[in-house]
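See below for data-v6.tsv, which holds TSV, C-alpha atoms.
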```
chain	number	residue	atom	x	y	z
A	26	MET	CA	-11.37	-7.40	36.20
A	27	GLN	CA	-14.38	-7.82	33.94
A	28	ILE	CA	-15.23	-4.10	34.22
A	29	ARG	CA	-11.61	-3.14	33.47
A	30	GLU	CA	-11.65	-5.29	30.35
A	31	MET	CA	-14.89	-3.78	29.13
A	32	GLU	CA	-13.30	-0.34	29.54
A	33	GLU	CA	-10.29	-1.48	27.54
A	34	ALA	CA	-12.59	-2.79	24.81
A	35	ALA	CA	-14.42	0.56	24.75
A	36	GLU	CA	-11.07	2.35	24.31
A	37	VAL	CA	-10.06	0.00	21.49
A	38	LEU	CA	-13.37	0.67	19.75
A	39	ARG	CA	-12.96	4.41	20.26
A	40	ILE	CA	-9.51	4.68	18.66
A	41	SER	CA	-10.55	2.31	15.85
A	42	THR	CA	-13.61	4.46	14.98
A	43	VAL	CA	-15.29	1.20	13.86
A	44	LYS	CA	-18.97	0.52	14.48
A	45	ALA	CA	-18.39	-3.10	15.45
A	46	GLU	CA	-22.00	-3.49	16.61
A	47	ASN	CA	-23.01	-3.56	12.93
A	48	CYS	CA	-21.25	-6.93	12.51
A	49	MET	CA	-23.67	-9.77	11.75
A	50	GLN	CA	-21.02	-12.51	11.90
A	51	CYS	CA	-21.44	-13.50	8.25
A	52	GLY	CA	-17.74	-14.38	8.01
A	53	LYS	CA	-17.12	-12.73	4.64
A	54	CYS	CA	-14.09	-10.93	6.09
A	55	SER	CA	-12.53	-14.23	7.16
A	56	ALA	CA	-13.26	-15.81	3.78
A	57	ALA	CA	-11.54	-12.87	2.05
A	58	CYS	CA	-8.49	-12.75	4.34
A	59	PRO	CA	-5.31	-13.93	2.55
A	60	ALA	CA	-3.62	-14.49	5.92
A	61	GLY	CA	-6.58	-16.24	7.55
A	62	ALA	CA	-5.08	-19.72	7.29
A	63	ARG	CA	-2.40	-18.66	9.77
A	64	MET	CA	-4.66	-16.83	12.21
A	65	ASP	CA	-5.71	-18.42	15.50
A	66	ILE	CA	-8.66	-16.02	15.72
A	67	LEU	CA	-10.25	-15.25	12.34
A	68	PRO	CA	-11.35	-11.68	11.58
A	69	HIS	CA	-15.11	-12.23	12.14
A	70	ARG	CA	-14.36	-13.99	15.42
A	71	PHE	CA	-11.99	-11.17	16.37
A	72	VAL	CA	-14.87	-8.70	16.02
A	73	TRP	CA	-17.12	-10.95	18.11
A	74	GLU	CA	-14.60	-11.36	20.94
A	75	LEU	CA	-14.01	-7.60	21.01
A	76	MET	CA	-17.74	-6.89	21.17
A	77	ASN	CA	-17.77	-9.16	24.23
A	78	GLY	CA	-14.92	-7.27	25.83
A	79	ARG	CA	-12.29	-10.00	25.64
A	80	VAL	CA	-9.33	-7.71	24.95
A	81	SER	CA	-6.85	-9.77	27.00
A	82	LEU	CA	-7.60	-12.84	24.89
A	83	LEU	CA	-7.14	-10.83	21.68
A	84	ALA	CA	-3.94	-9.22	22.97
A	85	LYS	CA	-2.37	-12.70	23.13
A	86	SER	CA	-3.64	-13.68	19.69
A	87	GLY	CA	-1.26	-14.50	16.84
A	88	THR	CA	-3.74	-12.77	14.55
A	89	LEU	CA	-2.22	-9.42	15.58
A	90	TRP	CA	1.06	-10.36	13.91
A	91	GLN	CA	-0.37	-12.07	10.81
A	92	CYS	CA	-2.76	-9.32	9.69
A	93	LEU	CA	-1.18	-7.40	6.79
A	94	SER	CA	-3.61	-4.46	6.67
A	95	CYS	CA	-4.43	-5.33	3.06
A	96	PHE	CA	-8.03	-4.19	3.70
A	97	ALA	CA	-9.63	-7.12	1.86
A	98	CYS	CA	-11.82	-7.70	4.96
A	99	SER	CA	-12.83	-4.05	5.12
A	100	ALA	CA	-13.55	-3.85	1.38
A	101	ARG	CA	-15.77	-6.93	1.37
A	102	CYS	CA	-17.76	-6.35	4.58
A	103	PRO	CA	-21.42	-5.87	3.63
A	104	ARG	CA	-22.06	-3.88	6.83
A	105	GLY	CA	-19.24	-1.34	6.74
A	106	VAL	CA	-17.36	-2.90	9.66
A	107	ASP	CA	-13.58	-2.57	9.31
A	108	PRO	CA	-11.84	-5.55	10.99
A	109	ALA	CA	-8.36	-4.31	9.95
A	110	ARG	CA	-8.85	-1.19	12.08
A	111	LEU	CA	-9.98	-3.28	15.06
A	112	ILE	CA	-6.94	-5.56	14.79
A	113	GLU	CA	-4.67	-2.49	14.55
A	114	ALA	CA	-6.29	-0.93	17.63
A	115	VAL	CA	-5.70	-4.07	19.73
A	116	ARG	CA	-2.14	-4.36	18.38
A	117	LEU	CA	-1.53	-0.79	19.51
A	118	THR	CA	-2.75	-1.52	23.04
A	119	VAL	CA	-0.07	-4.24	23.13
A	120	ILE	CA	2.94	-2.44	21.61
A	121	ARG	CA	2.25	0.87	23.31
A	122	ARG	CA	3.44	-0.66	26.58
A	123	GLN	CA	7.10	-0.30	27.55
A	124	GLY	CA	9.15	-3.32	26.48
A	125	ALA	CA	6.39	-4.88	24.38
A	126	ASN	CA	8.00	-4.44	20.95
A	127	SER	CA	7.44	-7.46	18.78
A	128	ILE	CA	10.60	-7.20	16.64
A	129	ASN	CA	14.05	-7.34	18.23
A	130	VAL	CA	15.93	-4.75	16.18
A	131	ASP	CA	19.29	-6.32	17.04
A	132	GLU	CA	18.25	-9.41	15.10
A	133	LEU	CA	17.01	-7.46	12.06
A	134	PRO	CA	20.32	-7.40	10.12
A	135	GLN	CA	20.16	-11.20	9.89
A	136	VAL	CA	16.86	-11.14	7.97
A	137	ILE	CA	17.56	-8.13	5.74
A	138	ASP	CA	19.12	-8.94	2.38
A	139	GLU	CA	20.64	-6.44	-0.05
A	140	ASN	CA	17.54	-6.24	-2.26
A	141	MET	CA	14.96	-5.77	0.48
A	142	PRO	CA	13.28	-2.38	0.05
A	143	GLN	CA	13.31	0.11	2.93
A	144	GLN	CA	9.55	0.08	2.63
A	145	ALA	CA	9.50	-3.45	4.13
A	146	ILE	CA	11.58	-2.45	7.14
A	147	VAL	CA	9.71	0.79	7.84
A	148	SER	CA	6.34	-0.97	7.50
A	149	ALA	CA	7.25	-3.81	9.84
A	150	LEU	CA	8.67	-1.50	12.50
A	151	ARG	CA	5.57	0.70	12.31
A	152	LYS	CA	3.30	-2.32	12.73
A	153	TYR	CA	5.26	-4.31	15.32
A	154	ASN	CA	7.21	-1.81	17.40
A	155	LYS	CA	6.83	1.57	19.12
B	13	MET	CA	3.36	20.89	-17.26
B	14	VAL	CA	5.36	20.58	-14.04
B	15	TYR	CA	4.06	18.45	-11.18
B	16	ASN	CA	5.22	18.27	-7.59
B	17	TYR	CA	6.73	14.84	-7.11
B	18	TYR	CA	7.08	12.72	-3.98
B	19	PRO	CA	9.54	9.86	-4.66
B	20	GLY	CA	9.68	8.32	-1.18
B	21	CYS	CA	12.55	6.47	0.50
B	22	THR	CA	12.75	3.33	-1.63
B	23	LEU	CA	12.80	4.99	-5.06
B	24	SER	CA	16.20	6.55	-4.62
B	25	THR	CA	17.80	3.27	-3.55
B	26	LYS	CA	16.29	-0.19	-4.02
B	27	ALA	CA	13.62	0.80	-6.55
B	28	LYS	CA	15.63	3.19	-8.74
B	29	LYS	CA	14.15	1.73	-11.91
B	30	LEU	CA	10.64	2.75	-10.88
B	31	ASP	CA	11.85	6.35	-10.53
B	32	ILE	CA	14.37	6.70	-13.39
B	33	TYR	CA	12.05	5.37	-16.10
B	34	ALA	CA	9.14	7.43	-14.79
B	35	ARG	CA	11.16	10.64	-15.10
B	36	ALA	CA	12.47	9.71	-18.54
B	37	ALA	CA	8.98	8.80	-19.81
B	38	ALA	CA	7.53	12.01	-18.34
B	39	LYS	CA	10.05	14.07	-20.26
B	40	ALA	CA	9.24	12.25	-23.49
B	41	LEU	CA	5.52	12.72	-22.91
B	42	GLY	CA	5.86	16.44	-22.22
B	43	PHE	CA	5.63	16.78	-18.47
B	44	GLU	CA	8.12	17.12	-15.65
B	45	LEU	CA	8.34	15.69	-12.15
B	46	ALA	CA	9.75	18.32	-9.79
B	47	GLU	CA	10.88	16.57	-6.62
B	48	LEU	CA	9.68	18.26	-3.41
B	49	LYS	CA	12.60	20.06	-1.78
B	50	GLU	CA	12.00	18.63	1.66
B	51	TRP	CA	10.08	15.41	1.79
B	52	GLN	CA	10.16	12.90	4.61
B	53	CYS	CA	9.43	9.17	4.66
B	54	CYS	CA	5.66	8.70	4.55
B	55	GLY	CA	5.81	5.93	7.17
B	56	ALA	CA	4.99	3.19	4.63
B	57	VAL	CA	1.79	2.10	6.40
B	58	TYR	CA	-1.26	4.27	6.94
B	59	PRO	CA	-1.86	4.81	10.67
B	60	LEU	CA	-5.34	3.35	11.19
B	61	ALA	CA	-6.02	4.58	14.72
B	62	GLN	CA	-7.77	7.89	15.33
B	63	ASP	CA	-5.24	8.80	18.04
B	64	ALA	CA	-2.12	8.05	15.95
B	65	ILE	CA	-1.22	11.70	15.35
B	66	GLY	CA	2.59	11.56	15.38
B	67	GLU	CA	2.56	8.90	12.66
B	68	ARG	CA	0.64	11.27	10.36
B	69	LEU	CA	2.99	14.24	10.67
B	70	ALA	CA	5.58	13.36	8.03
B	71	ALA	CA	2.90	12.77	5.40
B	72	ALA	CA	1.10	15.97	6.37
B	73	ARG	CA	4.32	18.00	6.07
B	74	SER	CA	4.94	16.72	2.54
B	75	LEU	CA	1.32	17.36	1.57
B	76	ALA	CA	1.48	20.90	2.92
B	77	ALA	CA	4.79	21.52	1.10
B	78	ALA	CA	3.03	20.83	-2.21
B	79	GLU	CA	0.09	23.05	-1.54
B	80	ASP	CA	-0.11	24.66	-4.97
B	81	GLY	CA	-1.92	21.90	-6.80
B	82	LYS	CA	-1.12	18.26	-7.43
B	83	LEU	CA	1.38	15.96	-5.74
B	84	VAL	CA	2.41	12.99	-7.87
B	85	THR	CA	3.49	9.66	-6.38
B	86	LEU	CA	4.82	6.41	-7.84
B	87	CYS	CA	5.23	3.94	-4.99
B	88	SER	CA	1.94	2.27	-4.03
B	89	ALA	CA	2.66	2.57	-0.31
B	90	CYS	CA	3.52	6.29	-0.48
B	91	HIS	CA	0.44	6.89	-2.59
B	92	HIS	CA	-1.76	5.03	-0.13
B	93	VAL	CA	-0.43	6.81	2.95
B	94	LEU	CA	-0.41	10.31	1.43
B	95	LYS	CA	-3.86	9.96	-0.07
B	96	ARG	CA	-5.43	8.66	3.16
B	97	VAL	CA	-3.70	11.17	5.45
B	98	ASN	CA	-4.82	13.88	3.04
B	99	ALA	CA	-8.40	12.62	3.32
B	100	ASP	CA	-8.08	12.81	7.12
B	101	MET	CA	-6.81	16.37	6.91
B	102	ALA	CA	-9.77	17.32	4.72
B	103	ALA	CA	-12.56	15.49	6.54
B	104	ASN	CA	-11.49	14.41	10.04
B	105	GLY	CA	-11.69	17.55	12.20
B	106	GLU	CA	-9.99	16.06	15.26
B	107	ILE	CA	-7.01	14.71	13.31
B	108	CYS	CA	-6.71	17.91	11.25
B	109	ALA	CA	-6.68	20.12	14.36
B	110	LYS	CA	-4.16	17.98	16.26
B	111	VAL	CA	-1.78	17.58	13.29
B	112	ASN	CA	-1.85	21.34	12.66
B	113	ALA	CA	-1.19	21.99	16.34
B	114	TYR	CA	1.95	19.83	16.07
B	115	LEU	CA	3.09	21.35	12.78
B	116	GLY	CA	2.82	24.86	14.18
B	117	GLU	CA	2.85	26.51	10.76
B	118	GLU	CA	1.34	29.96	10.25
B	119	GLU	CA	-1.10	28.65	7.68
B	120	THR	CA	-3.09	25.59	8.59
B	121	TYR	CA	-3.24	22.66	6.19
B	122	HIS	CA	-6.59	21.05	5.57
B	123	GLY	CA	-6.13	18.73	2.60
B	124	GLN	CA	-5.93	21.25	-0.26
B	125	THR	CA	-3.30	19.27	-2.22
B	126	GLU	CA	-4.54	16.69	-4.72
B	127	VAL	CA	-2.64	13.40	-4.51
B	128	TRP	CA	-2.28	11.79	-7.95
B	129	HIS	CA	-0.59	8.55	-8.82
B	130	TYR	CA	1.65	8.68	-11.93
B	131	LEU	CA	-0.72	6.23	-13.62
B	132	GLU	CA	-3.59	8.65	-13.06
B	133	ILE	CA	-1.56	11.38	-14.79
B	134	LEU	CA	-0.96	9.03	-17.71
B	135	LYS	CA	-4.63	8.13	-17.96
B	136	ARG	CA	-6.38	11.41	-17.21
B	137	GLU	CA	-3.92	14.14	-18.23
B	138	ILE	CA	-2.00	12.54	-21.10
B	139	GLY	CA	-4.45	9.85	-22.18
B	140	PHE	CA	-3.71	6.23	-23.07
B	141	ASP	CA	-4.64	6.95	-26.72
B	142	GLU	CA	-1.94	9.60	-26.88
B	143	ILE	CA	0.57	7.25	-25.25
B	144	ALA	CA	-0.32	4.57	-27.82
B	145	ARG	CA	0.45	7.12	-30.57
B	146	ARG	CA	3.88	7.87	-29.03
B	147	VAL	CA	4.91	4.21	-28.75
B	148	LYS	CA	8.03	3.52	-30.82
B	149	ASN	CA	8.62	-0.10	-29.85
B	150	PRO	CA	5.21	-1.72	-29.47
B	151	LEU	CA	5.38	-4.67	-27.09
B	152	THR	CA	3.43	-6.83	-29.53
B	153	GLY	CA	2.79	-10.40	-28.51
B	154	ARG	CA	3.91	-10.05	-24.88
B	155	LYS	CA	1.41	-11.49	-22.42
B	156	ILE	CA	1.55	-9.25	-19.39
B	157	GLY	CA	-0.33	-9.53	-16.11
B	158	ALA	CA	-1.02	-6.43	-14.02
B	159	TYR	CA	-0.38	-6.98	-10.33
B	160	TYR	CA	-2.30	-4.31	-8.41
B	161	GLY	CA	-1.85	-5.64	-4.89
B	162	CYS	CA	-3.82	-3.92	-2.11
B	163	LEU	CA	-2.60	-0.41	-1.56
B	164	LEU	CA	-3.59	1.32	-4.78
B	165	LEU	CA	-7.16	0.05	-4.69
B	166	ARG	CA	-8.40	-0.21	-1.11
B	167	PRO	CA	-10.32	1.35	0.50
B	168	ALA	CA	-12.04	2.30	-2.75
B	169	GLY	CA	-13.96	5.23	-1.24
B	170	VAL	CA	-10.76	7.07	-0.27
B	171	MET	CA	-8.33	5.85	-2.93
B	172	GLN	CA	-10.76	6.41	-5.83
B	173	PHE	CA	-8.17	4.76	-8.05
B	174	ASP	CA	-10.28	2.22	-9.89
B	175	ASP	CA	-12.93	-0.44	-9.31
B	176	ALA	CA	-11.35	-2.20	-6.32
B	177	GLU	CA	-12.66	-5.65	-7.26
B	178	ASN	CA	-12.39	-5.44	-11.03
B	179	PRO	CA	-9.77	-2.80	-11.91
B	180	GLY	CA	-8.75	-2.01	-15.49
B	181	ILE	CA	-6.33	0.94	-15.51
B	182	LEU	CA	-3.16	-1.19	-15.69
B	183	GLU	CA	-4.67	-3.46	-18.35
B	184	ASP	CA	-5.55	-0.38	-20.43
B	185	PHE	CA	-1.97	0.83	-19.91
B	186	ILE	CA	-0.54	-2.52	-21.06
B	187	ALA	CA	-2.79	-2.47	-24.14
B	188	ALA	CA	-1.69	1.09	-24.97
B	189	LEU	CA	1.91	-0.15	-25.15
B	190	GLY	CA	0.91	-2.75	-27.72
B	191	ALA	CA	1.13	-5.76	-25.39
B	192	THR	CA	-1.64	-8.19	-24.44
B	193	PRO	CA	-3.03	-7.66	-20.94
B	194	ILE	CA	-4.09	-10.87	-19.20
B	195	ILE	CA	-6.65	-10.89	-16.41
B	196	TYR	CA	-5.99	-13.43	-13.63
B	197	ASP	CA	-7.63	-14.15	-10.29
B	198	TYR	CA	-5.07	-12.96	-7.73
B	199	ARG	CA	-4.16	-9.58	-9.27
B	200	ASN	CA	-5.60	-7.59	-6.35
B	201	GLU	CA	-4.67	-9.97	-3.52
B	202	CYS	CA	-1.97	-9.16	-0.96
B	203	CYS	CA	1.69	-10.08	-1.67
B	204	GLY	CA	2.45	-10.74	1.97
B	205	GLY	CA	3.96	-7.29	2.48
B	206	TYR	CA	6.09	-6.74	5.56
B	207	LEU	CA	5.65	-10.33	6.77
B	208	THR	CA	8.80	-10.96	4.72
B	209	LEU	CA	10.68	-9.84	7.85
B	210	THR	CA	8.83	-11.94	10.41
B	211	ASP	CA	7.28	-14.89	8.52
B	212	LYS	CA	8.92	-15.49	5.15
B	213	GLN	CA	7.04	-18.74	4.69
B	214	ALA	CA	3.69	-16.89	4.84
B	215	THR	CA	4.83	-14.31	2.29
B	216	GLY	CA	6.19	-17.07	0.06
B	217	GLU	CA	2.87	-18.89	0.02
B	218	MET	CA	0.97	-15.68	-0.77
B	219	VAL	CA	3.13	-14.60	-3.72
B	220	GLY	CA	3.32	-18.23	-4.82
B	221	ARG	CA	-0.47	-18.23	-5.21
B	222	VAL	CA	-0.36	-14.95	-7.14
B	223	ILE	CA	2.21	-16.25	-9.63
B	224	ALA	CA	0.51	-19.66	-9.99
B	225	SER	CA	-2.78	-17.92	-10.73
B	226	ALA	CA	-1.10	-15.66	-13.32
B	227	ARG	CA	0.68	-18.57	-14.99
B	228	GLN	CA	-2.54	-20.57	-15.21
B	229	LYS	CA	-4.04	-17.79	-17.35
B	230	GLY	CA	-0.99	-17.60	-19.61
B	231	VAL	CA	0.82	-14.59	-18.12
B	232	ALA	CA	4.54	-14.53	-19.01
B	233	GLU	CA	5.55	-11.43	-17.00
B	234	LEU	CA	4.06	-9.25	-14.28
B	235	ILE	CA	4.11	-5.50	-13.75
B	236	THR	CA	3.64	-3.62	-10.48
B	237	ALA	CA	3.94	-0.12	-9.01
B	238	CYS	CA	5.08	-1.28	-5.58
B	239	PRO	CA	8.70	-2.00	-4.54
B	240	LEU	CA	7.63	-4.39	-1.78
B	241	CYS	CA	5.28	-6.34	-4.08
B	242	SER	CA	8.10	-6.51	-6.60
B	243	TYR	CA	10.55	-7.79	-3.99
B	244	ASN	CA	8.17	-10.41	-2.61
B	245	LEU	CA	7.22	-11.65	-6.07
B	246	GLU	CA	10.85	-11.89	-7.18
B	247	VAL	CA	12.53	-13.14	-4.04
B	248	ASN	CA	10.00	-14.96	-1.88
B	249	ALA	CA	7.69	-16.92	-4.21
B	250	LEU	CA	7.71	-20.56	-3.16
B	251	GLY	CA	8.01	-23.21	-5.85
B	252	THR	CA	7.61	-20.87	-8.79
B	253	GLU	CA	9.01	-17.75	-10.44
B	254	MET	CA	8.12	-15.17	-13.03
B	255	PRO	CA	9.79	-12.02	-14.40
B	256	VAL	CA	8.53	-8.86	-12.64
B	257	HIS	CA	8.95	-5.29	-13.90
B	258	TYR	CA	7.88	-1.87	-12.74
B	259	PHE	CA	5.21	-0.44	-14.98
B	260	THR	CA	7.46	2.54	-15.73
B	261	GLU	CA	10.16	0.24	-17.09
B	262	LEU	CA	7.67	-1.12	-19.59
B	263	LEU	CA	6.58	2.40	-20.52
B	264	ALA	CA	10.18	3.50	-21.14
B	265	GLU	CA	10.81	0.40	-23.22
B	266	ALA	CA	7.76	1.02	-25.42
B	267	LEU	CA	8.64	4.70	-25.82
B	268	GLY	CA	12.11	3.70	-26.98
B	269	LEU	CA	13.84	5.24	-23.96
B	270	LYS	CA	15.19	2.21	-22.19
B	271	GLU	CA	18.32	1.77	-24.31
B	272	GLU	CA	19.05	5.52	-24.18
B	273	GLU	CA	18.68	5.61	-20.42
B	274	THR	CA	20.85	2.56	-19.90
B	275	ALA	CA	23.53	4.08	-22.13
B	276	CYS	CA	23.51	7.30	-20.05
B	277	ARG	CA	24.17	5.41	-16.87
```

How would this structure read if it were set down as structure tokens?
Amino acid sequence: MQIREMEEAAEVLRISTVKAENCMQCGKCSAACPAGARMDILPHRFVWELMNGRVSLLAKSGTLWQCLSCFACSARCPRGVDPARLIEAVRLTVIRRQGANSINVDELPQVIDENMPQQAIVSALRKYNK
Amino acid sequence: MVYNYYPGCTLSTKAKKLDIYARAAAKALGFELAELKEWQCCGAVYPLAQDAIGERLAAARSLAAAEDGKLVTLCSACHHVLKRVNADMAANGEICAKVNAYLGEEETYHGQTEVWHYLEILKREIGFDEIARRVKNPLTGRKIGAYYGCLLLRPAGVMQFDDAENPGILEDFIAALGATPIIYDYRNECCGGYLTLTDKQATGEMVGRVIASARQKGVAELITACPLCSYNLEVNALGTEMPVHYFTELLAEALGLKEEETACR
């Protein structure tokens, strides 16, 4: 199981193209994150857990659905690590499985009002569903 | 001068004002936006993973369709996606090869098109000094805050739009129209984006902080280039509110086009 998880972590790192080993755990990404207050695993911790192969823990994390890809973490990292790409890569390992979509499209009409731009709907479906 | 123009899905429906005033102002300033004949939705979010090829195809098709020069955008999300996919096509060999294999066109596309935001045309091709000279109704005395959000600025290396931490292009634009630009803390923080669908409370808190920060510095109205920022600021802000306009609306107003345009419709 441990070996399998390390392989999964290696795949996540590969598709993210991020050099996570450069992370020095300074926490600047987490301090910059506007959604951090609602994350169970903060961005710097997310990088740490991934470096230690704990993909199954991260796959269950609420952080996947709170990250907005605003790239504040990536912009402010002093070591060129890009936490937003790592979070996206783990999110993809989750939603790329059959039946793992995060948004139930049948319920969408209830939350869409007449002024909501298409951009919101397309973005959310790209991030949460496959 | 005629530029290829990519409006994107939202500008022909929920964000018509962003589009209509941009076209009217362009005409008054001596250039034309020629809409691409066949554009597709850009996907709204840039696909971050190296193996997300399918998600890059629509953007690549539009970029390739505008191969003879510049492609102008207005929506922050479209601009972000097109600019970053274009950078991939120019510098990421694996992505470029796989996207071209899917597209199956005779001529391969490798990032030749230049992606320009409308604001960049105003600044670099027309010039804010020239715009200031063309202003008929100066917006004197209005205290306006520029809301940049995330997508125009970051990542700075690819977007090359402005200083990502201390931008000035929108403030220069506001000043050119005769108004007073006000700098406030949260002008380049996230609006909460697509969380409006899944966690409205979170979005509300984020835009609430943006507006509170603007108000504290004396801002009376905000301008943006992004339909989703505009929606979140107007609809979701918790415990506060502030008028929000597209930057093109302000431009049309200062150029004396707003009344004309409204009368036409």

### Message
Residues proximal to (11.1, 8.2, -10.1) were defined as those with any atom within 12 Å of that point in the file's coordinates, counting all atoms listed in the file. Which are they, as JSON, numbers by chain?
### Response
{"B": [16, 17, 18, 19, 20, 21, 22, 23, 24, 25, 26, 27, 28, 29, 30, 31, 32, 33, 34, 35, 36, 37, 38, 39, 44, 45, 46, 47, 84, 85, 86, 87, 129, 130, 237, 239, 258, 259, 260, 261]}

Keeping only C-alpha atoms, take the residues you just selected and write them out as a JSON list (two decimals), keeping the file's coordinate frame.
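File out.json, as written:
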```
[["chain", "number", "residue", "atom", "x", "y", "z"],
["B", 16, "ASN", "CA", 5.22, 18.27, -7.59],
["B", 17, "TYR", "CA", 6.73, 14.84, -7.11],
["B", 18, "TYR", "CA", 7.08, 12.72, -3.98],
["B", 19, "PRO", "CA", 9.54, 9.86, -4.66],
["B", 20, "GLY", "CA", 9.68, 8.32, -1.18],
["B", 21, "CYS", "CA", 12.55, 6.47, 0.50],
["B", 22, "THR", "CA", 12.75, 3.33, -1.63],
["B", 23, "LEU", "CA", 12.80, 4.99, -5.06],
["B", 24, "SER", "CA", 16.20, 6.55, -4.62],
["B", 25, "THR", "CA", 17.80, 3.27, -3.55],
["B", 26, "LYS", "CA", 16.29, -0.19, -4.02],
["B", 27, "ALA", "CA", 13.62, 0.80, -6.55],
["B", 28, "LYS", "CA", 15.63, 3.19, -8.74],
["B", 29, "LYS", "CA", 14.15, 1.73, -11.91],
["B", 30, "LEU", "CA", 10.64, 2.75, -10.88],
["B", 31, "ASP", "CA", 11.85, 6.35, -10.53],
["B", 32, "ILE", "CA", 14.37, 6.70, -13.39],
["B", 33, "TYR", "CA", 12.05, 5.37, -16.10],
["B", 34, "ALA", "CA", 9.14, 7.43, -14.79],
["B", 35, "ARG", "CA", 11.16, 10.64, -15.10],
["B", 36, "ALA", "CA", 12.47, 9.71, -18.54],
["B", 37, "ALA", "CA", 8.98, 8.80, -19.81],
["B", 38, "ALA", "CA", 7.53, 12.01, -18.34],
["B", 39, "LYS", "CA", 10.05, 14.07, -20.26],
["B", 44, "GLU", "CA", 8.12, 17.12, -15.65],
["B", 45, "LEU", "CA", 8.34, 15.69, -12.15],
["B", 46, "ALA", "CA", 9.75, 18.32, -9.79],
["B", 47, "GLU", "CA", 10.88, 16.57, -6.62],
["B", 84, "VAL", "CA", 2.41, 12.99, -7.87],
["B", 85, "THR", "CA", 3.49, 9.66, -6.38],
["B", 86, "LEU", "CA", 4.82, 6.41, -7.84],
["B", 87, "CYS", "CA", 5.23, 3.94, -4.99],
["B", 129, "HIS", "CA", -0.59, 8.55, -8.82],
["B", 130, "TYR", "CA", 1.65, 8.68, -11.93],
["B", 237, "ALA", "CA", 3.94, -0.12, -9.01],
["B", 239, "PRO", "CA", 8.70, -2.00, -4.54],
["B", 258, "TYR", "CA", 7.88, -1.87, -12.74],
["B", 259, "PHE", "CA", 5.21, -0.44, -14.98],
["B", 260, "THR", "CA", 7.46, 2.54, -15.73],
["B", 261, "GLU", "CA", 10.16, 0.24, -17.09]]
```

### Task
Pick out the chain A residues within 8 Å of chain B. Count all atoms listed in the file. Give them as a ChimeraX atom specification.
/A:39-42,59-60,91,93,95-97,99-100,110,113-114,133,136-137,140-149,151-152

With C-alpha atoms retained, export the selected residues as a PDB file, in the frame of the given file.
```
ATOM      1  CA  ARG A  39     -12.960   4.410  20.260  1.00  0.00           C
ATOM      2  CA  ILE A  40      -9.510   4.680  18.660  1.00  0.00           C
ATOM      3  CA  SER A  41     -10.550   2.310  15.850  1.00  0.00           C
ATOM      4  CA  THR A  42     -13.610   4.460  14.980  1.00  0.00           C
ATOM      5  CA  PRO A  59      -5.310 -13.930   2.550  1.00  0.00           C
ATOM      6  CA  ALA A  60      -3.620 -14.490   5.920  1.00  0.00           C
ATOM      7  CA  GLN A  91      -0.370 -12.070  10.810  1.00  0.00           C
ATOM      8  CA  LEU A  93      -1.180  -7.400   6.790  1.00  0.00           C
ATOM      9  CA  CYS A  95      -4.430  -5.330   3.060  1.00  0.00           C
ATOM     10  CA  PHE A  96      -8.030  -4.190   3.700  1.00  0.00           C
ATOM     11  CA  ALA A  97      -9.630  -7.120   1.860  1.00  0.00           C
ATOM     12  CA  SER A  99     -12.830  -4.050   5.120  1.00  0.00           C
ATOM     13  CA  ALA A 100     -13.550  -3.850   1.380  1.00  0.00           C
ATOM     14  CA  ARG A 110      -8.850  -1.190  12.080  1.00  0.00           C
ATOM     15  CA  GLU A 113      -4.670  -2.490  14.550  1.00  0.00           C
ATOM     16  CA  ALA A 114      -6.290  -0.930  17.630  1.00  0.00           C
ATOM     17  CA  LEU A 133      17.010  -7.460  12.060  1.00  0.00           C
ATOM     18  CA  VAL A 136      16.860 -11.140   7.970  1.00  0.00           C
ATOM     19  CA  ILE A 137      17.560  -8.130   5.740  1.00  0.00           C
ATOM     20  CA  ASN A 140      17.540  -6.240  -2.260  1.00  0.00           C
ATOM     21  CA  MET A 141      14.960  -5.770   0.480  1.00  0.00           C
ATOM     22  CA  PRO A 142      13.280  -2.380   0.050  1.00  0.00           C
ATOM     23  CA  GLN A 143      13.310   0.110   2.930  1.00  0.00           C
ATOM     24  CA  GLN A 144       9.550   0.080   2.630  1.00  0.00           C
ATOM     25  CA  ALA A 145       9.500  -3.450   4.130  1.00  0.00           C
ATOM     26  CA  ILE A 146      11.580  -2.450   7.140  1.00  0.00           C
ATOM     27  CA  VAL A 147       9.710   0.790   7.840  1.00  0.00           C
ATOM     28  CA  SER A 148       6.340  -0.970   7.500  1.00  0.00           C
ATOM     29  CA  ALA A 149       7.250  -3.810   9.840  1.00  0.00           C
ATOM     30  CA  ARG A 151       5.570   0.700  12.310  1.00  0.00           C
ATOM     31  CA  LYS A 152       3.300  -2.320  12.730  1.00  0.00           C
TER      32      LYS A 152
END
```

#### Entry: Among listed residues B:Ala224, B:Val97, B:Leu189, B:Ile143, nearest Gly42 of chain B (using only C-alpha atoms)
B:Ile143

### Coordinates-based distance that separates atom CA of Leu111 of chain A from atom CA of Lys85 of chain A (Å, one decimal)
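Atom CA of Lys85 of chain A sits 14.6 Å away from atom CA of Leu111 of chain A.
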
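Between atom CA of Gly139 of chain B and atom CA of Ala71 of chain B lies a distance of 28.7 Å.
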
#### Entry: Residues within 9 Å of segment 153-156 of chain B, all atoms listed in the file, excluding chain neighbours under 2 positions, as a list in words
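Contacts, in chain order: Leu151, Ala158, Glu183, Ile186, Gly190, Ala191, Thr192, Pro193, Ile194, Ile195, Gly230, Val231, Ala232, Glu233, Leu234 and Ile235 of chain B.
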
## Note on the structure
Of B:Val170, B:Leu41, B:Ala109, B:Ile138, the one nearest to His91 of chain B when counting all atoms listed in the file is B:Val170
